[in-house]
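Colleague: Compact mmCIF, C-alpha atoms, saved as entry18.txt, coming up:
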# COMPACT_ATOMS: atom_id res chain seq x y z
CA MET G 20 7.27 3.53 41.72
CA PRO G 21 7.71 6.31 39.14
CA LEU G 22 5.70 4.72 36.33
CA VAL G 23 3.59 7.79 35.59
CA TYR G 24 1.61 6.43 32.64
CA GLN G 25 0.88 3.00 31.22
CA HIS G 26 -1.43 2.18 28.35
CA ASN G 27 -2.11 -1.39 27.28
CA ILE G 28 -3.25 -0.55 23.75
CA ASN G 29 -4.29 -4.14 23.06
CA GLU G 30 -3.12 -7.64 23.98
CA ALA G 31 -0.10 -7.32 21.70
CA THR G 32 0.98 -3.69 22.23
CA ARG G 33 1.84 -1.81 25.43
CA MET G 34 3.46 1.50 26.27
CA GLY G 35 4.58 3.38 29.36
CA VAL G 36 6.28 6.53 30.68
CA TRP G 37 8.79 6.47 33.54
CA ARG G 38 9.80 9.49 35.63
CA ILE G 39 13.48 9.06 36.47
CA THR G 40 14.09 9.52 40.20
CA GLU G 41 16.33 6.51 40.88
CA PRO G 42 20.13 6.31 40.90
CA GLU G 43 21.97 4.47 38.18
CA SER G 44 22.48 1.46 40.44
CA PHE G 45 18.71 0.82 40.51
CA PHE G 46 18.57 0.27 36.75
CA LEU G 47 21.90 -1.55 36.47
CA GLU G 48 20.44 -4.44 38.47
CA LYS G 49 18.41 -5.36 35.38
CA VAL G 50 19.74 -3.37 32.42
CA PRO G 51 23.09 -3.80 30.65
CA ILE G 52 24.77 -0.47 29.90
CA LYS G 53 26.48 0.46 26.65
CA LYS G 54 30.06 1.55 27.28
CA ASP G 55 29.80 4.49 24.85
CA VAL G 56 27.07 6.21 26.90
CA THR G 57 29.24 8.32 29.20
CA HIS G 58 27.22 11.43 30.15
CA PRO G 59 25.64 10.72 33.59
CA HIS G 60 22.14 11.95 32.78
CA LYS G 61 22.10 10.39 29.31
CA ARG G 62 23.12 7.13 30.94
CA LEU G 63 20.14 7.39 33.29
CA GLN G 64 17.82 8.11 30.34
CA HIS G 65 19.27 5.19 28.40
CA LEU G 66 18.88 2.83 31.35
CA ALA G 67 15.34 3.95 32.22
CA GLY G 68 14.16 3.55 28.63
CA ARG G 69 15.46 0.01 28.43
CA TYR G 70 14.22 -0.81 31.93
CA LEU G 71 10.70 -0.15 30.64
CA LEU G 72 10.91 -2.84 27.94
CA PRO G 73 10.76 -5.92 30.22
CA TYR G 74 8.47 -3.97 32.54
CA LEU G 75 5.94 -3.89 29.68
CA PHE G 76 6.67 -7.45 28.44
CA GLU G 77 8.35 -9.60 31.07
CA GLY G 78 10.23 -11.81 28.63
CA PHE G 79 11.82 -8.99 26.63
CA PRO G 80 15.46 -10.01 25.88
CA LEU G 81 17.43 -6.84 26.64
CA HIS G 82 20.77 -8.51 25.97
CA GLU G 83 19.76 -9.24 22.36
CA ILE G 84 19.17 -5.60 21.35
CA GLN G 85 21.20 -4.53 18.35
CA ILE G 86 21.69 -1.09 16.78
CA ALA G 87 21.09 -0.53 13.06
CA ASP G 88 23.17 1.81 10.90
CA THR G 89 20.34 4.33 11.29
CA ARG G 90 20.80 4.16 15.11
CA LYS G 91 17.48 2.36 15.49
CA PRO G 92 17.58 -0.37 18.18
CA PHE G 93 16.05 -3.69 17.13
CA LEU G 94 15.88 -7.42 17.81
CA GLU G 95 17.21 -9.56 14.99
CA ASP G 96 14.37 -12.08 15.14
CA GLU G 97 11.75 -9.31 15.63
CA GLN G 98 10.21 -11.24 18.51
CA TYR G 99 9.24 -7.77 19.73
CA HIS G 100 8.98 -4.48 17.89
CA PHE G 101 9.88 -1.56 20.15
CA SER G 102 10.72 2.11 20.32
CA ILE G 103 12.23 4.24 23.10
CA SER G 104 12.33 7.98 23.72
CA HIS G 105 13.58 10.17 26.55
CA CYS G 106 13.47 13.82 27.48
CA ALA G 107 14.62 15.58 30.65
CA ASP G 108 13.69 13.26 33.56
CA TYR G 109 11.30 11.06 31.57
CA ALA G 110 11.67 7.93 29.47
CA ALA G 111 8.97 6.41 27.28
CA ALA G 112 8.75 3.06 25.54
CA ILE G 113 6.31 1.13 23.37
CA VAL G 114 6.52 -2.61 22.67
CA SER G 115 4.47 -4.83 20.36
CA VAL G 116 4.60 -8.48 19.37
CA THR G 117 2.73 -7.81 16.12
CA ASP G 118 3.02 -4.18 14.96
CA ARG G 119 5.79 -1.85 13.89
CA VAL G 120 5.89 0.96 16.48
CA GLY G 121 7.27 4.41 17.21
CA ILE G 122 7.18 6.69 20.25
CA ASP G 123 8.43 10.16 21.16
CA ILE G 124 8.29 12.35 24.27
CA GLU G 125 9.13 16.06 24.08
CA LEU G 126 9.28 19.02 26.43
CA VAL G 127 7.37 22.08 25.20
CA LYS G 128 9.94 24.88 24.84
CA PRO G 129 9.89 28.33 23.19
CA ALA G 130 12.90 27.39 21.03
CA ILE G 131 10.69 25.25 18.79
CA GLU G 132 9.25 28.40 17.21
CA LYS G 133 12.68 29.22 15.76
CA VAL G 134 12.92 25.94 13.83
CA LYS G 135 9.31 25.43 12.75
CA HIS G 136 10.20 26.14 9.12
CA LYS G 137 12.32 22.98 9.09
CA PHE G 138 9.48 20.54 9.79
CA THR G 139 6.07 22.20 9.26
CA THR G 140 4.18 22.83 6.03
CA ALA G 141 2.08 25.88 5.14
CA ASP G 142 -1.09 23.80 5.61
CA GLU G 143 0.00 22.70 9.09
CA LEU G 144 0.64 26.30 10.15
CA ALA G 145 -2.72 27.31 8.64
CA PHE G 146 -4.40 24.68 10.82
CA LEU G 147 -2.62 26.12 13.87
CA ASN G 148 -3.89 29.61 13.13
CA GLY G 149 -7.40 28.47 12.31
CA GLU G 150 -9.22 25.41 13.61
CA TYR G 151 -6.70 24.48 16.33
CA ARG G 152 -6.60 27.98 17.81
CA SER G 153 -10.41 28.20 17.78
CA PHE G 154 -10.71 24.85 19.56
CA LEU G 155 -8.33 25.75 22.38
CA HIS G 156 -9.87 29.19 22.79
CA GLN G 157 -12.97 27.47 24.18
CA PHE G 158 -10.90 26.28 27.13
CA GLY G 159 -8.79 29.38 27.66
CA LEU G 160 -5.64 27.59 26.51
CA GLU G 161 -4.22 30.12 24.07
CA LYS G 162 -1.22 31.19 26.14
CA LYS G 163 1.15 28.57 24.71
CA ILE G 164 -0.86 27.46 21.71
CA GLU G 165 1.84 27.80 19.10
CA GLN G 166 4.58 26.15 21.13
CA GLU G 167 2.33 23.26 22.12
CA PHE G 168 1.01 22.70 18.61
CA LEU G 169 4.46 22.84 17.05
CA THR G 170 5.77 20.38 19.65
CA LEU G 171 2.79 18.12 18.94
CA ILE G 172 3.57 18.13 15.20
CA TRP G 173 7.29 17.62 15.78
CA SER G 174 6.69 14.75 18.20
CA ALA G 175 4.24 13.09 15.79
CA LYS G 176 6.77 13.31 12.96
CA GLU G 177 9.58 12.01 15.18
CA THR G 178 7.28 9.09 16.02
CA MET G 179 6.75 8.30 12.33
CA PHE G 180 10.48 8.64 11.69
CA LYS G 181 11.14 6.02 14.38
CA TRP G 182 8.29 3.83 13.13
CA TYR G 183 9.79 3.90 9.62
CA GLY G 184 13.25 3.15 10.99
CA GLU G 185 15.31 3.55 7.81
CA GLY G 186 16.36 7.20 8.12
CA GLN G 187 16.80 9.78 5.33
CA MET G 188 13.43 11.47 5.66
CA ASP G 189 12.31 15.02 4.93
CA PHE G 190 9.97 16.04 7.77
CA ARG G 191 8.14 18.54 5.55
CA ARG G 192 7.88 16.52 2.33
CA HIS G 193 7.45 12.93 3.51
CA MET G 194 5.08 13.48 6.46
CA GLN G 195 2.20 15.95 6.15
CA LEU G 196 -0.84 16.55 8.33
CA ASN G 197 -3.81 15.28 6.32
CA GLY G 198 -6.98 16.53 7.98
CA ALA G 199 -8.22 17.90 11.26
CA VAL G 200 -6.63 16.95 14.58
CA HIS G 201 -9.19 15.15 16.74
CA PHE G 202 -9.45 15.64 20.51
CA SER G 203 -11.35 12.88 22.32
CA ASP G 204 -13.11 13.12 25.66
CA ASP G 205 -10.35 11.08 27.37
CA GLU G 206 -7.76 13.73 26.34
CA GLN G 207 -6.22 11.54 23.66
CA ILE G 208 -5.30 13.36 20.46
CA THR G 209 -5.39 11.80 16.97
CA LEU G 210 -3.30 13.36 14.22
CA PRO G 211 -3.98 12.08 10.66
CA PHE G 212 -0.90 12.12 8.41
CA LEU G 213 -0.06 11.28 4.83
CA PHE G 214 3.24 9.40 4.79
CA THR G 215 5.02 9.31 1.40
CA LYS G 216 8.55 7.98 1.95
CA ASN G 217 8.97 5.08 -0.55
CA GLN G 218 5.24 4.40 -0.23
CA MET G 219 1.98 6.24 0.36
CA ARG G 220 0.18 5.49 3.61
CA PHE G 221 -2.36 7.21 5.79
CA LEU G 222 -1.24 7.06 9.42
CA ASN G 223 -3.03 8.10 12.60
CA VAL G 224 -0.53 9.16 15.25
CA GLN G 225 -1.90 9.22 18.80
CA ALA G 226 -0.76 11.75 21.39
CA ARG G 227 -1.37 13.11 24.88
CA MET G 228 -0.30 16.23 26.74
CA PHE G 229 1.22 15.79 30.21
CA GLY G 230 1.70 19.26 31.62
CA GLU G 231 4.73 20.62 29.77
CA PHE G 232 5.31 17.38 27.88
CA VAL G 233 3.95 15.88 24.68
CA LEU G 234 3.83 12.13 24.19
CA ALA G 235 3.14 10.68 20.73
CA TRP G 236 3.01 7.08 19.53
CA LEU G 237 2.17 4.94 16.52
CA HIS G 238 1.55 1.24 15.97
CA THR G 239 0.53 -0.37 12.70
Show the structure stored in the file as structure tokens.
Modeller:
Amino acid sequence: MPLVYQHNINEATRMGVWRITEPESFFLEKVPIKKDVTHPHKRLQHLAGRYLLPYLFEGFPLHEIQIADTRKPFLEDEQYHFSISHCADYAAAIVSVTDRVGIDIELVKPAIEKVKHKFTTADELAFLNGEYRSFLHQFGLEKKIEQEFLTLIWSAKETMFKWYGEGQMDFRRHMQLNGAVHFSDDEQITLPFLFTKNQMRFLNVQARMFGEFVLAWLHT
């Protein structure tokens, strides 16, 4: 079974990551497919992400999923709040019966350095070149520091974008790192953000590194 990570955050909120090794027929036994998803690998990603939802909460009504104008999937009665992400051969999902949620999984790639100006602030880059670099130096992890940090910030902001769910956000102006990133002994990372789209809120995005992948999530 290719469930590579599962985290039951609390009684009401669960998340998981699935490594896609199965053929489409495996998922189609339980997951309805949208007719407009035609690319073979994107179909597999789509199916695996939705397959995770009832895997996390057995009674999840897949057939009732609707798509908002912002492309956010939702249930009309909000029996469950959920978010799905996929990248390469992985799909991730988070489901909650009480909290609004967001999740994102990203592959660390050199190309992110070329677009960092689109989503990072001067303070976030200063943190990369200061405290973050000093922390990772202790463990000899400087080789891909910038790419990993930028992917971590991007994934955290994508997570907040999905959590918000109403689109039209400026990743530099509406979501800004607001303090030091915390690394716990169990390898979980906490990123404190100030969120200012239509409201002001302090949000702690959680994240983990899985080899070349970053996983970030939020529930509140």
Colleague: Find the distance between CA of Asp108 in chain G and CA of Phe180 in chain G and write it in Å to one decimal.
Modeller: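 CA of Asp108 in chain G sits 22.6 Å away from CA of Phe180 in chain G.
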Colleague: When you draw a straight line from CA of Thr239 in chain G to CA of Phe79 in chain G, how long is it in Å?
Modeller: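 It comes out at 19.9 Å.
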Colleague: Pick out the closest residue to Arg220 in chain G from this set: G:Phe202, G:Ala112, G:Gln207, G:Tyr183. Count only C-alpha atoms.
Modeller: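 That would be G:Tyr183, the residue with the smallest distance to Arg220 in chain G.
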Colleague: Out of G:Val120, G:Ile103, G:Val127, G:Leu63, which residue has the shortest atom-to-atom distance to Leu222 in chain G when counting all atoms listed in the file?
Modeller: G:Val120
Colleague: Ranking G:Met219, G:Val224, G:Asn29, G:Ser102 by minimum distance to Arg90 in chain G and counting all atoms listed in the file, which one comes first?
Modeller: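 Counting all atoms listed in the file, the residue closest to Arg90 in chain G is G:Ser102.
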Colleague: Using all atoms listed in the file for the distances, tell me which of G:Glu167, G:Asp204, G:Asp55, G:Glu30 is nearest to Val114 in chain G.
Modeller: G:Glu30
Colleague: List the neighbours of Phe232 in chain G out to 9 Å using all atoms listed in the file; skip same-chain residues closer than 4 positions along the sequence, and give me the result as a PyMOL selection string.
Modeller: chain G and resi 106+124-127+167+170+227-228
Colleague: Here is a test: counting all atoms listed in the file, which residue of G:Asn148, G:Gln64, G:Thr215, G:Ser104 is nearest to Ile52 in chain G?
Modeller: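 Selected residue with least distance to Ile52 in chain G: G:Gln64.
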Colleague: Measure the distance from CA of Val134 in chain G to CA of Arg62 in chain G in Å and round it to one decimal.
Modeller: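 It comes out at 27.4 Å.
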Colleague: Could you name the residues that touch Phe93 in chain G at 7 Å or less, counting all atoms listed in the file, but leaving out those on the same chain fewer than 3 positions away, as a list in words?
Modeller: Ile84, Gln85 and Ile86 of chain G
Colleague: Counting all atoms listed in the file, which residues come within 9 Å of (5.3, 17.4, 2.8), with the point read in the file's coordinates, and could you list them as a list in words?
Modeller: Phe138, Thr139, Thr140, Asp189, Phe190, Arg191, Arg192, His193, Met194, Gln195, Leu196, Leu213, Phe214 and Thr215 of chain G
Colleague: Got a sec: who's within 6 Å of Gly68 in chain G, counting all atoms listed in the file, leaving out chain neighbours fewer than 2 positions off, as a ChimeraX atom specification?
Modeller: /G:65-66,70-71,103,110
Colleague: Compare G:Asp142, G:Glu83, G:Glu165, G:Asp118 by their minimum atom-to-atom distance to Ala130 in chain G, counting only C-alpha atoms, and give me the closest one.
Modeller: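 That would be G:Glu165, the residue with the smallest distance to Ala130 in chain G.
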Colleague: Centre and edge lengths, as lines of an AutoDock Vina configuration file, for the axis-aligned box enclosing every listed atom of range 50-59 of chain G with 3 Å of padding on each of the six sides, in Å to one decimal?
Modeller:
center_x = 24.9
center_y = 3.8
center_z = 29.2
size_x = 16.3
size_y = 21.2
size_z = 14.7
Colleague: Near Met34 in chain G, counting all atoms listed in the file, which residues have an atom at most 10 Å away, once you skip same-chain residues fewer than 2 positions from it, shown as a VMD selection string?
Modeller: chain G and resid 24 to 28 32 36 71 to 72 74 to 76 101 to 103 111 to 115 122 236
Colleague: Can you tell me, as a PyMOL selection string, which residues sit within 9 Å of (21.0, -1.1, 35.3) in the file's frame, using all atoms listed in the file?
Modeller: chain G and resi 43-52+63+66-67+69-70
